[in-house]
$ cat data_14.cif   # mmCIF, C-alpha atoms
data_input
#
loop_
_atom_site.label_atom_id
_atom_site.label_comp_id
_atom_site.auth_asym_id
_atom_site.auth_seq_id
_atom_site.Cartn_x
_atom_site.Cartn_y
_atom_site.Cartn_z
CA MET A 252 81.74 125.05 99.04
CA THR A 253 83.67 122.71 96.73
CA GLU A 254 83.52 118.95 97.13
CA PHE A 255 87.25 118.93 97.99
CA ASN A 256 86.83 121.49 100.80
CA ALA A 257 83.76 119.71 102.15
CA GLU A 258 85.70 116.45 102.41
CA ARG A 259 88.58 118.22 104.16
CA LEU A 260 86.17 119.76 106.68
CA ARG A 261 84.49 116.39 107.21
CA ARG A 262 87.85 114.80 108.00
CA TRP A 263 88.83 117.62 110.36
CA ARG A 264 85.45 117.29 112.08
CA LEU A 265 86.13 113.59 112.71
CA VAL A 266 89.67 114.27 113.93
CA LEU A 267 88.77 117.16 116.27
CA GLY A 268 85.57 115.69 117.60
CA GLY A 269 83.00 118.45 117.22
CA GLY A 270 81.80 120.99 119.74
CA GLU A 271 83.42 124.35 120.34
CA ALA A 272 86.88 122.82 120.55
CA ASP A 273 87.16 121.94 116.88
CA GLY A 274 87.17 125.53 115.63
CA LEU A 275 84.66 124.76 112.85
CA THR A 276 81.32 126.42 112.36
CA HIS A 277 78.35 124.07 112.62
CA GLY A 278 74.99 124.36 111.02
CA GLU A 279 73.08 123.60 107.89
CA GLY A 280 74.64 124.73 104.63
CA VAL A 281 78.17 124.63 105.95
CA GLY A 282 78.72 121.16 104.53
CA ILE A 283 80.23 119.39 107.54
CA SER A 284 77.21 117.80 109.15
CA LEU A 285 77.77 114.07 109.59
CA GLY A 286 75.73 111.30 108.03
CA LEU A 287 74.67 108.16 109.90
CA GLU A 288 77.84 106.19 109.16
CA ASP A 289 80.08 109.15 109.97
CA ARG A 290 78.25 109.62 113.28
CA ARG A 291 78.90 105.97 114.14
CA MET A 292 82.58 106.45 113.27
CA ASP A 293 82.65 109.62 115.37
CA ASP A 294 81.10 107.77 118.30
CA ALA A 295 83.82 105.10 118.02
CA LEU A 296 86.51 107.80 118.08
CA ALA A 297 84.80 109.65 120.91
CA GLY A 298 84.75 106.46 122.97
CA LEU A 299 88.52 106.58 123.11
CA TYR A 300 89.21 110.29 122.49
CA ASP A 301 86.25 112.14 124.00
CA ALA A 302 86.31 115.87 123.15
CA GLU A 303 87.50 117.98 126.06
CA THR A 304 89.30 121.34 126.22
CA GLY A 305 90.55 121.24 122.66
CA THR A 306 91.88 117.69 122.66
CA ARG A 307 90.27 114.29 122.56
CA LYS A 308 90.55 112.48 125.86
CA GLY A 309 89.54 108.97 126.83
CA GLY A 310 86.06 108.02 127.93
CA LEU A 311 85.41 104.33 127.26
CA GLY A 312 84.40 103.50 130.79
CA GLY A 313 84.95 100.18 132.48
CA SER A 314 82.34 97.91 130.93
CA ALA A 315 83.72 94.89 129.08
CA PRO A 316 80.60 94.49 126.88
CA LYS A 317 80.80 98.19 125.98
CA VAL A 318 84.49 97.86 125.08
CA ALA A 319 83.78 94.73 123.04
CA ARG A 320 81.14 96.61 121.04
CA TRP A 321 83.56 99.49 120.59
CA LEU A 322 86.20 97.07 119.27
CA ALA A 323 83.71 95.69 116.76
CA ASP A 324 82.93 99.22 115.57
CA VAL A 325 86.55 100.31 115.11
CA ARG A 326 87.29 97.10 113.21
CA GLU A 327 84.40 97.94 110.89
CA PHE A 328 85.50 101.50 110.17
CA PHE A 329 89.30 101.44 110.24
CA PRO A 330 92.06 99.31 108.68
CA SER A 331 93.90 96.78 110.80
CA SER A 332 96.97 98.98 111.33
CA VAL A 333 94.79 101.80 112.74
CA VAL A 334 92.81 99.38 114.92
CA GLN A 335 96.04 98.15 116.49
CA VAL A 336 97.08 101.73 117.35
CA MET A 337 93.68 102.47 118.88
CA GLN A 338 93.78 99.25 120.92
CA LYS A 339 97.22 100.15 122.20
CA ASP A 340 95.98 103.62 123.18
CA ALA A 341 92.96 102.16 124.94
CA ILE A 342 95.01 99.70 126.97
CA GLU A 343 97.87 102.05 127.86
CA LYS A 344 96.19 105.46 128.19
CA LEU A 345 92.83 104.44 129.63
CA ASN A 346 94.13 101.74 131.96
CA LEU A 347 91.92 99.04 130.42
CA THR A 348 94.36 96.23 131.16
CA GLN A 349 91.89 94.63 133.56
CA LEU A 350 89.39 94.24 130.72
CA LEU A 351 91.79 91.90 128.93
CA PHE A 352 90.74 89.41 131.58
CA GLU A 353 87.31 89.22 129.92
CA PRO A 354 86.88 86.50 127.23
CA GLU A 355 84.26 88.66 125.48
CA MET A 356 86.84 91.36 124.89
CA LEU A 357 89.61 88.98 123.86
CA GLU A 358 87.37 87.44 121.23
CA ASN A 359 86.97 90.86 119.58
CA VAL A 360 90.48 92.28 119.70
CA GLU A 361 92.71 92.73 116.67
CA ALA A 362 95.56 90.34 117.43
CA ASP A 363 99.04 91.80 117.03
CA VAL A 364 102.53 91.54 118.54
CA ASN A 365 102.03 94.39 121.03
CA LEU A 366 98.79 92.93 122.35
CA MET A 367 100.42 89.51 122.62
CA GLY A 368 103.24 91.00 124.66
CA THR A 369 100.66 92.49 127.03
CA LEU A 370 98.86 89.15 127.37
CA LEU A 371 102.10 87.31 128.09
CA THR A 372 102.93 89.87 130.76
CA LEU A 373 99.54 89.32 132.41
CA LYS A 374 99.28 85.55 132.03
CA GLY A 375 100.29 84.88 135.63
CA VAL A 376 97.39 86.93 137.06
CA MET A 377 94.80 86.24 134.39
CA PRO A 378 91.68 84.41 135.67
CA ALA A 379 91.02 80.91 134.40
CA LYS A 380 87.96 81.99 132.38
CA ALA A 381 90.13 84.21 130.16
CA LYS A 382 93.16 81.96 129.69
CA ASP A 383 91.79 79.92 126.78
CA ALA A 384 90.75 83.09 124.92
CA ALA A 385 94.15 84.66 125.58
CA ARG A 386 95.98 81.58 124.33
CA ALA A 387 93.84 81.66 121.17
CA VAL A 388 94.97 85.26 120.56
CA VAL A 389 98.61 84.25 121.06
CA ARG A 390 98.16 81.27 118.73
CA LYS A 391 96.67 83.49 116.01
CA VAL A 392 99.59 85.94 116.15
CA VAL A 393 102.15 83.11 116.20
CA ASP A 394 100.53 81.42 113.20
CA ASP A 395 100.49 84.71 111.27
CA LEU A 396 104.15 85.39 112.11
CA THR A 397 105.16 81.84 111.20
CA ARG A 398 103.50 82.11 107.79
CA ARG A 399 105.31 85.39 107.20
CA LEU A 400 108.74 84.45 108.52
CA GLU A 401 109.19 80.70 108.09
CA GLU A 402 109.92 80.47 104.37
CA PRO A 403 112.42 83.39 104.24
CA THR A 404 114.23 81.93 107.25
CA ARG A 405 114.39 78.43 105.79
CA ALA A 406 115.54 79.70 102.41
CA ALA A 407 118.23 82.02 103.77
CA VAL A 408 119.62 79.65 106.40
CA THR A 409 119.47 76.49 104.29
CA GLY A 410 121.22 78.22 101.40
CA SER A 411 124.05 79.33 103.67
CA LEU A 412 124.32 75.89 105.22
CA ASN A 413 124.58 74.28 101.80
CA ARG A 414 127.42 76.61 100.88
CA ALA A 415 129.09 76.20 104.25
CA GLN A 416 129.28 72.42 103.91
CA ARG A 417 130.44 72.10 100.28
CA ASN A 418 133.34 69.74 99.72
CA PHE A 419 135.16 68.98 96.49
CA ARG A 420 136.20 65.40 97.15
CA PRO A 421 132.78 63.88 97.73
CA ARG A 422 131.88 60.25 97.94
CA PRO A 423 129.44 59.01 95.26
CA GLY A 424 126.43 59.40 97.53
CA GLU A 425 127.42 62.96 98.44
CA ILE A 426 127.71 64.41 94.90
CA ASP A 427 125.54 67.45 94.19
CA TRP A 428 124.89 66.67 90.51
CA ASP A 429 123.16 69.97 89.66
CA SER A 430 126.10 72.02 90.97
CA THR A 431 128.65 69.63 89.45
CA ILE A 432 127.09 69.90 85.99
CA ARG A 433 126.92 73.71 86.18
CA LYS A 434 130.58 73.88 87.23
CA ASN A 435 131.65 71.69 84.29
CA LEU A 436 129.49 72.91 81.40
CA LYS A 437 132.63 74.08 79.60
CA ASN A 438 133.58 70.40 79.30
CA TYR A 439 130.46 69.41 77.41
CA LEU A 440 131.18 66.96 74.54
CA PRO A 441 128.47 67.31 71.86
CA GLU A 442 129.48 64.13 70.05
CA LYS A 443 128.96 62.11 73.23
CA ASN A 444 126.10 64.25 74.56
CA THR A 445 127.70 64.36 77.99
CA VAL A 446 129.75 66.49 80.37
CA ILE A 447 133.20 65.41 81.53
CA PRO A 448 133.43 66.57 85.17
CA GLU A 449 136.84 67.87 86.12
CA ARG A 450 135.55 69.05 89.47
CA LEU A 451 132.99 67.28 91.65
CA VAL A 452 130.85 69.32 94.04
CA GLY A 453 129.44 67.54 97.07
CA TYR A 454 127.13 68.30 99.96
CA GLY A 455 129.74 67.32 102.50
CA ARG A 456 129.94 64.66 105.17
CA LYS A 457 126.77 64.00 107.09
CA ARG A 458 126.91 65.44 110.59
CA ARG A 459 124.44 65.90 113.41
CA SER A 460 124.62 69.66 112.96
CA LEU A 461 126.74 72.15 111.07
CA ARG A 462 126.11 75.10 113.36
CA ASP A 463 124.94 75.51 116.93
CA ILE A 464 122.68 78.53 117.49
CA VAL A 465 121.88 79.93 120.92
CA LEU A 466 119.22 82.63 121.20
CA CYS A 467 119.60 84.29 124.61
CA LEU A 468 116.52 86.44 125.29
CA ASP A 469 116.17 89.23 127.81
CA GLN A 470 112.60 88.91 129.10
CA SER A 471 112.40 92.29 130.81
CA GLY A 472 109.17 94.12 130.02
CA SER A 473 110.74 96.52 127.51
CA MET A 474 111.78 93.59 125.30
CA ALA A 475 108.27 92.17 124.81
CA SER A 476 108.06 92.52 121.01
CA SER A 477 111.62 91.22 120.56
CA VAL A 478 110.87 88.16 122.68
CA VAL A 479 107.76 87.36 120.64
CA TYR A 480 109.63 87.46 117.33
CA ALA A 481 112.63 85.59 118.75
CA GLY A 482 110.38 82.81 120.04
CA VAL A 483 108.93 82.27 116.57
CA PHE A 484 112.37 82.37 114.92
CA GLY A 485 113.72 79.94 117.49
CA ALA A 486 111.02 77.40 116.62
CA VAL A 487 111.67 77.80 112.88
CA LEU A 488 115.45 77.38 113.32
CA ALA A 489 114.89 74.34 115.54
CA SER A 490 113.01 72.65 112.68
CA LEU A 491 116.12 72.76 110.46
CA PRO A 492 118.11 69.53 110.88
CA ALA A 493 121.47 71.08 110.00
CA VAL A 494 121.46 73.44 113.00
CA ASP A 495 121.15 72.71 116.69
CA THR A 496 119.10 75.51 118.25
CA ARG A 497 118.75 76.46 121.89
CA VAL A 498 116.51 79.20 123.31
CA VAL A 499 117.44 80.59 126.72
CA VAL A 500 115.45 83.33 128.49
CA PHE A 501 116.51 85.34 131.49
CA ASP A 502 115.69 88.07 133.95
CA THR A 503 117.45 87.54 137.29
CA GLU A 504 116.96 83.80 136.70
CA VAL A 505 117.78 81.73 133.62
CA VAL A 506 115.40 79.26 131.98
CA ASP A 507 116.22 76.97 129.05
CA LEU A 508 113.12 76.56 126.85
CA SER A 509 114.78 74.43 124.17
CA GLU A 510 112.59 71.40 124.89
CA ASN A 511 109.50 73.42 123.88
CA LEU A 512 110.76 74.48 120.45
CA ASP A 513 108.39 72.21 118.55
CA ASP A 514 105.65 74.75 119.38
CA PRO A 515 106.46 78.49 119.58
CA VAL A 516 103.33 79.11 121.66
CA ASP A 517 104.75 76.85 124.37
CA VAL A 518 108.02 78.76 124.14
CA LEU A 519 106.25 82.08 124.61
CA TYR A 520 104.14 80.78 127.48
CA GLY A 521 107.36 79.71 129.16
CA ILE A 522 108.48 83.35 129.20
CA GLN A 523 107.65 85.61 132.12
CA LEU A 524 107.96 89.19 130.89
CA GLY A 525 109.06 91.75 133.44
CA GLY A 526 111.46 91.66 136.37
CA GLY A 527 115.14 92.43 136.66
CA THR A 528 118.06 91.69 134.36
CA ASP A 529 121.18 89.60 134.99
CA ILE A 530 122.97 89.28 131.66
CA ASN A 531 126.10 87.95 133.34
CA ARG A 532 124.18 84.99 134.76
CA ALA A 533 122.59 84.30 131.37
CA LEU A 534 125.97 84.35 129.57
CA ALA A 535 127.40 82.04 132.23
CA TYR A 536 124.64 79.52 131.48
CA CYS A 537 125.20 79.83 127.73
CA GLN A 538 128.92 79.37 128.26
CA GLY A 539 128.15 76.09 129.99
CA ILE A 540 126.04 74.65 127.15
CA ILE A 541 128.38 75.64 124.30
CA THR A 542 130.48 72.62 123.32
CA LYS A 543 131.75 73.73 119.88
CA PRO A 544 132.67 77.41 120.26
CA GLU A 545 133.99 77.95 116.73
CA GLN A 546 130.79 76.53 115.26
CA THR A 547 128.41 78.39 117.59
CA ILE A 548 126.44 81.56 116.96
CA LEU A 549 125.26 83.25 120.17
CA VAL A 550 122.63 85.94 119.64
CA LEU A 551 122.08 88.01 122.78
CA ILE A 552 118.79 89.90 122.38
CA SER A 553 118.84 92.56 125.08
CA ASP A 554 118.85 96.30 125.70
CA LEU A 555 122.09 95.62 127.66
CA TYR A 556 120.94 97.34 130.86
CA GLU A 557 122.75 95.05 133.30
CA GLY A 558 121.30 94.67 136.77
CA GLY A 559 123.97 92.20 137.87
CA ASN A 560 127.76 92.37 137.75
CA GLU A 561 128.54 94.45 134.66
CA ARG A 562 132.32 94.06 134.84
CA GLU A 563 132.05 90.29 135.11
CA MET A 564 129.47 90.23 132.32
CA LEU A 565 131.79 92.11 129.96
CA ALA A 566 134.70 89.81 130.86
CA ARG A 567 132.51 86.77 130.15
CA ALA A 568 131.45 88.18 126.78
CA ARG A 569 135.10 88.69 125.88
CA THR A 570 135.92 85.12 126.92
CA LEU A 571 133.17 83.77 124.68
CA LYS A 572 134.37 85.90 121.78
CA ASP A 573 138.01 84.89 122.28
CA ALA A 574 136.99 81.22 122.36
CA GLY A 575 135.68 81.56 118.82
CA VAL A 576 131.95 82.01 119.50
CA ASN A 577 130.26 84.32 116.97
CA VAL A 578 128.58 86.66 119.47
CA ILE A 579 125.97 89.13 118.18
CA ALA A 580 124.14 91.64 120.38
CA LEU A 581 120.68 92.58 119.11
CA LEU A 582 119.43 95.65 120.95
CA ALA A 583 115.94 94.93 119.62
CA LEU A 584 114.29 92.46 117.25
CA SER A 585 111.13 94.35 116.37
CA ASP A 586 109.44 96.98 114.20
CA ASP A 587 109.04 99.39 117.12
CA GLY A 588 111.62 101.93 115.98
CA ALA A 589 114.86 103.02 117.64
CA PRO A 590 115.29 101.18 120.95
CA SER A 591 116.53 102.42 124.30
CA TYR A 592 119.73 100.63 125.34
CA ASP A 593 122.90 100.97 127.40
CA HIS A 594 125.22 102.87 125.07
CA GLY A 595 128.29 102.26 127.23
CA VAL A 596 127.93 98.47 127.19
CA ALA A 597 127.16 98.49 123.47
CA GLN A 598 130.28 100.57 122.82
CA THR A 599 132.39 98.16 124.88
CA PHE A 600 130.96 95.22 122.96
CA ALA A 601 131.85 96.93 119.69
CA GLY A 602 135.42 97.32 120.93
CA MET A 603 135.55 93.56 121.50
CA GLY A 604 134.40 92.87 117.96
CA ILE A 605 130.85 92.04 119.09
CA PRO A 606 128.48 93.97 116.80
CA ALA A 607 125.57 95.65 118.60
CA PHE A 608 122.56 96.93 116.65
CA ALA A 609 118.79 96.74 116.37
CA CYS A 610 117.26 94.50 113.72
CA THR A 611 113.79 94.20 112.21
CA PRO A 612 112.20 90.74 111.88
CA ASP A 613 112.49 90.99 108.09
CA HIS A 614 116.28 91.33 108.39
CA PHE A 615 116.76 88.47 110.84
CA PRO A 616 116.78 85.52 108.35
CA ASN A 617 119.54 87.12 106.31
CA LEU A 618 121.42 88.04 109.48
CA MET A 619 121.49 84.37 110.49
CA ALA A 620 122.49 83.39 106.95
CA ALA A 621 125.41 85.83 107.07
CA ALA A 622 126.48 84.51 110.48
CA ILE A 623 126.39 80.91 109.23
CA ARG A 624 128.50 81.84 106.20
CA GLY A 625 131.01 83.47 108.53
CA ASP A 626 130.54 86.96 107.07
CA ASP A 627 131.66 90.00 109.05
CA ILE A 628 128.36 90.97 110.71
CA ALA A 629 129.21 94.64 111.17
CA THR A 630 129.96 94.89 107.44
CA TRP A 631 126.76 92.99 106.61
CA ALA A 632 124.75 95.38 108.79
CA GLY A 633 126.27 98.39 107.03
CA GLU A 634 125.34 96.95 103.65
CA GLN A 635 121.73 96.70 104.86
CA GLY A 636 121.70 100.31 106.02
CA ILE A 637 121.66 99.25 109.68
CA VAL A 638 123.56 101.46 112.11
CA THR A 639 125.82 99.51 114.45
CA LYS A 640 127.26 100.78 117.69
CA GLY A 641 130.81 101.93 117.07
CA GLY A 642 130.26 102.64 113.37
CA ALA A 643 127.57 103.99 111.08
CA ALA A 644 126.00 102.07 108.25
CA GLY A 645 127.86 102.04 105.01
#
$ encode --input "data_14.cif" --output "structure tokens"
Amino acid sequence: MTEFNAERLRRWRLVLGGGEADGLTHGEGVGISLGLEDRRMDDALAGLYDAETGTRKGGLGGSAPKVARWLADVREFFPSSVVQVMQKDAIEKLNLTQLLFEPEMLENVEADVNLMGTLLTLKGVMPAKAKDAARAVVRKVVDDLTRRLEEPTRAAVTGSLNRAQRNFRPRPGEIDWDSTIRKNLKNYLPEKNTVIPERLVGYGRKRRSLRDIVLCLDQSGSMASSVVYAGVFGAVLASLPAVDTRVVVFDTEVVDLSENLDDPVDVLYGIQLGGGTDINRALAYCQGIITKPEQTILVLISDLYEGGNEREMLARARTLKDAGVNVIALLALSDDGAPSYDHGVAQTFAGMGIPAFACTPDHFPNLMAAAIRGDDIATWAGEQGIVTKGGAAG
């Protein structure tokens, strides 16, 4: 048997789990017997996908220490992305949610957005002994996301704000000298070693904020990943002095979390995932806090399944749009793939000029930059290869 074929058989043996179900012949000389490390890896796989009738089926049991040891093993043998998939399978398919109440398990999990969504869903019933460990998991994910997303968001949004507030009759203290020199290089006088500026470029008049941003988050259970990302983005946007950011969450009730934006963990712990959906009520609240419609960007992050008054909700969305608010409907803000959403409502939004599409976290900073510049968002989405409701990507 060649080395290549032996490795292929070894991999199939680990995938299929051994025994009669795998369809491979066992025995010495065949070249698929497992060494010590492979047997440990196989045991870790069998813990979650125990061989039975041709497929691997769960068998971790209900012991928190046993699960914690299993988590340590899978983290040793598999890359982080695979560990996260196996954790998700263990929690969802083997009904191990109750074990997340154990600090020993929480200290060993691979922290990721999906796990954080599960913890936030359970926070109301989690025993006191596990709450500190759960919050530490949430903090780790938030810190990782902030490191990944903060700089692109600041760069994209600040650049658009600088362009949005340019003025060409600046006072002396408002002159942007770098931009002014670049604009007037053609007027350089070598004999005087200077530039004669025909056109001054300024930063604009100082104002409390140049744009108001309202993130309106649907906290139904299906939106868990989107809510996590939006909470982090909300905190980053709130740290920019040139924008005034509000974060509003809703199910059948509406809660304004804007006072907690100095810490995204506090924002996320203010969210109660699950429950019904009343988009109309949420838009009514947002309508009440918007004071400068033509300078406001309202991002509704929702799958648009309305549990309240749909007709009134659509009329309210149209009123906001007609008042000059830049309304954007994000069907998802996550990496989870194509979302489920109400196609009829999305189509109606598109007819109003409200773009409706799903967006990955990596796209969100540039989306906000485009909205601040006043770009046509549907066109922007098409240029990014994003399919919007009512029109395909360009």
$ closest_residue --input "data_14.cif" --among "A:Val487, A:Met292, A:Leu299, A:Arg398" --to "Glu327 (chain A)" --atoms "all atoms listed in the file"
A:Met292
$ residues_around --input "data_14.cif" --residues "Ala379 (chain A)" --least-positions-apart "5" --cutoff "12 Å" --atoms "only C-alpha atoms" --output "PDB file with C-alpha atoms, keeping the file's coordinate frame"
ATOM      1  CA  PHE A 352      90.740  89.410 131.580  1.00  0.00           C
ATOM      2  CA  GLU A 353      87.310  89.220 129.920  1.00  0.00           C
ATOM      3  CA  PRO A 354      86.880  86.500 127.230  1.00  0.00           C
ATOM      4  CA  LYS A 374      99.280  85.550 132.030  1.00  0.00           C
ATOM      5  CA  ALA A 384      90.750  83.090 124.920  1.00  0.00           C
ATOM      6  CA  ALA A 385      94.150  84.660 125.580  1.00  0.00           C
ATOM      7  CA  ARG A 386      95.980  81.580 124.330  1.00  0.00           C
TER       8      ARG A 386
END
$ atom_distance --input "data_14.cif" --atom1 "CA of Leu370 (chain A)" --atom2 "CA of Tyr536 (chain A)"
27.8 Å
$ resolve_selection --input "data_14.cif" --expression "the PyMOL selection byres ((chain A and resi 489) around 12)" --output "number ranges by chain"
A: 401, 404-405, 408, 460, 462-466, 481-488, 490-498, 508-515, 518
$ atom_distance --input "data_14.cif" --atom1 "CA of Met367 (chain A)" --atom2 "CA of Asn531 (chain A)"
27.9 Å
$ atom_distance --input "data_14.cif" --atom1 "CA of Val478 (chain A)" --atom2 "CA of Met619 (chain A)"
16.6 Å
$ residues_near_point --input "data_14.cif" --point "(101.9, 90.8, 127.5)" --cutoff "12 Å" --atoms "all atoms listed in the file" --output "CSV table (one decimal) with C-alpha atoms, in the frame of the given file"
chain,number,residue,atom,x,y,z
A,339,LYS,CA,97.2,100.2,122.2
A,342,ILE,CA,95.0,99.7,127.0
A,343,GLU,CA,97.9,102.0,127.9
A,348,THR,CA,94.4,96.2,131.2
A,351,LEU,CA,91.8,91.9,128.9
A,352,PHE,CA,90.7,89.4,131.6
A,362,ALA,CA,95.6,90.3,117.4
A,363,ASP,CA,99.0,91.8,117.0
A,364,VAL,CA,102.5,91.5,118.5
A,365,ASN,CA,102.0,94.4,121.0
A,366,LEU,CA,98.8,92.9,122.4
A,367,MET,CA,100.4,89.5,122.6
A,368,GLY,CA,103.2,91.0,124.7
A,369,THR,CA,100.7,92.5,127.0
A,370,LEU,CA,98.9,89.2,127.4
A,371,LEU,CA,102.1,87.3,128.1
A,372,THR,CA,102.9,89.9,130.8
A,373,LEU,CA,99.5,89.3,132.4
A,374,LYS,CA,99.3,85.6,132.0
A,375,GLY,CA,100.3,84.9,135.6
A,376,VAL,CA,97.4,86.9,137.1
A,377,MET,CA,94.8,86.2,134.4
A,385,ALA,CA,94.2,84.7,125.6
A,386,ARG,CA,96.0,81.6,124.3
A,388,VAL,CA,95.0,85.3,120.6
A,389,VAL,CA,98.6,84.2,121.1
A,470,GLN,CA,112.6,88.9,129.1
A,471,SER,CA,112.4,92.3,130.8
A,472,GLY,CA,109.2,94.1,130.0
A,473,SER,CA,110.7,96.5,127.5
A,474,MET,CA,111.8,93.6,125.3
A,475,ALA,CA,108.3,92.2,124.8
A,476,SER,CA,108.1,92.5,121.0
A,477,SER,CA,111.6,91.2,120.6
A,478,VAL,CA,110.9,88.2,122.7
A,479,VAL,CA,107.8,87.4,120.6
A,519,LEU,CA,106.2,82.1,124.6
A,520,TYR,CA,104.1,80.8,127.5
A,522,ILE,CA,108.5,83.4,129.2
A,523,GLN,CA,107.6,85.6,132.1
A,524,LEU,CA,108.0,89.2,130.9
A,525,GLY,CA,109.1,91.8,133.4
$ resolve_selection --input "data_14.cif" --expression "the PyMOL selection byres ((chain A and resi 607) around 9)" --output "mmCIF file with C-alpha atoms, in the coordinates of the input"
data_model
loop_
_atom_site.group_PDB
_atom_site.id
_atom_site.type_symbol
_atom_site.label_atom_id
_atom_site.label_comp_id
_atom_site.auth_asym_id
_atom_site.auth_seq_id
_atom_site.Cartn_x
_atom_site.Cartn_y
_atom_site.Cartn_z
ATOM 1 C CA ILE A 579 125.970 89.130 118.180
ATOM 2 C CA ALA A 580 124.140 91.640 120.380
ATOM 3 C CA LEU A 581 120.680 92.580 119.110
ATOM 4 C CA LEU A 582 119.430 95.650 120.950
ATOM 5 C CA ALA A 597 127.160 98.490 123.470
ATOM 6 C CA GLN A 598 130.280 100.570 122.820
ATOM 7 C CA PHE A 600 130.960 95.220 122.960
ATOM 8 C CA ALA A 601 131.850 96.930 119.690
ATOM 9 C CA ILE A 605 130.850 92.040 119.090
ATOM 10 C CA PRO A 606 128.480 93.970 116.800
ATOM 11 C CA PHE A 608 122.560 96.930 116.650
ATOM 12 C CA ALA A 609 118.790 96.740 116.370
ATOM 13 C CA ALA A 629 129.210 94.640 111.170
ATOM 14 C CA VAL A 638 123.560 101.460 112.110
ATOM 15 C CA THR A 639 125.820 99.510 114.450
ATOM 16 C CA LYS A 640 127.260 100.780 117.690
ATOM 17 C CA GLY A 641 130.810 101.930 117.070
#
$ closest_residue --input "data_14.cif" --among "A:Val516, A:Thr547, A:Val393, A:Tyr480" --to "Phe615 (chain A)" --atoms "all atoms listed in the file"
A:Tyr480
$ closest_residue --input "data_14.cif" --among "A:Asn560, A:Thr570, A:Asn577, A:Ser585" --to "Arg532 (chain A)" --atoms "all atoms listed in the file"
A:Asn560
$ closest_residue --input "data_14.cif" --among "A:Glu358, A:Glu634, A:Gln335, A:Gly539" --to "Ala387 (chain A)" --atoms "all atoms listed in the file"
A:Glu358
$ residues_around --input "data_14.cif" --residues "Glu561 (chain A)" --least-positions-apart "6" --cutoff "10 Å" --atoms "all atoms listed in the file" --output "number ranges by chain"
A: 529-531, 555, 567, 596
$ residues_around --input "data_14.cif" --residues "Ala620 (chain A)" --least-positions-apart "4" --cutoff "10 Å" --atoms "only C-alpha atoms" --output "PyMOL selection string"
chain A and resi 404-412+615-616+624-626
$ write_last_selection --input "data_14.cif" --atoms "C-alpha atoms" --output "PDB file, in the frame of the given file"
ATOM      1  CA  THR A 404     114.230  81.930 107.250  1.00  0.00           C
ATOM      2  CA  ARG A 405     114.390  78.430 105.790  1.00  0.00           C
ATOM      3  CA  ALA A 406     115.540  79.700 102.410  1.00  0.00           C
ATOM      4  CA  ALA A 407     118.230  82.020 103.770  1.00  0.00           C
ATOM      5  CA  VAL A 408     119.620  79.650 106.400  1.00  0.00           C
ATOM      6  CA  THR A 409     119.470  76.490 104.290  1.00  0.00           C
ATOM      7  CA  GLY A 410     121.220  78.220 101.400  1.00  0.00           C
ATOM      8  CA  SER A 411     124.050  79.330 103.670  1.00  0.00           C
ATOM      9  CA  LEU A 412     124.320  75.890 105.220  1.00  0.00           C
ATOM     10  CA  PHE A 615     116.760  88.470 110.840  1.00  0.00           C
ATOM     11  CA  PRO A 616     116.780  85.520 108.350  1.00  0.00           C
ATOM     12  CA  ARG A 624     128.500  81.840 106.200  1.00  0.00           C
ATOM     13  CA  GLY A 625     131.010  83.470 108.530  1.00  0.00           C
ATOM     14  CA  ASP A 626     130.540  86.960 107.070  1.00  0.00           C
TER      15      ASP A 626
END
$ resolve_selection --input "data_14.cif" --expression "the PyMOL selection byres ((chain A and resi 576) around 9)" --output "number ranges by chain"
A: 541, 543-549, 570-575, 577-578
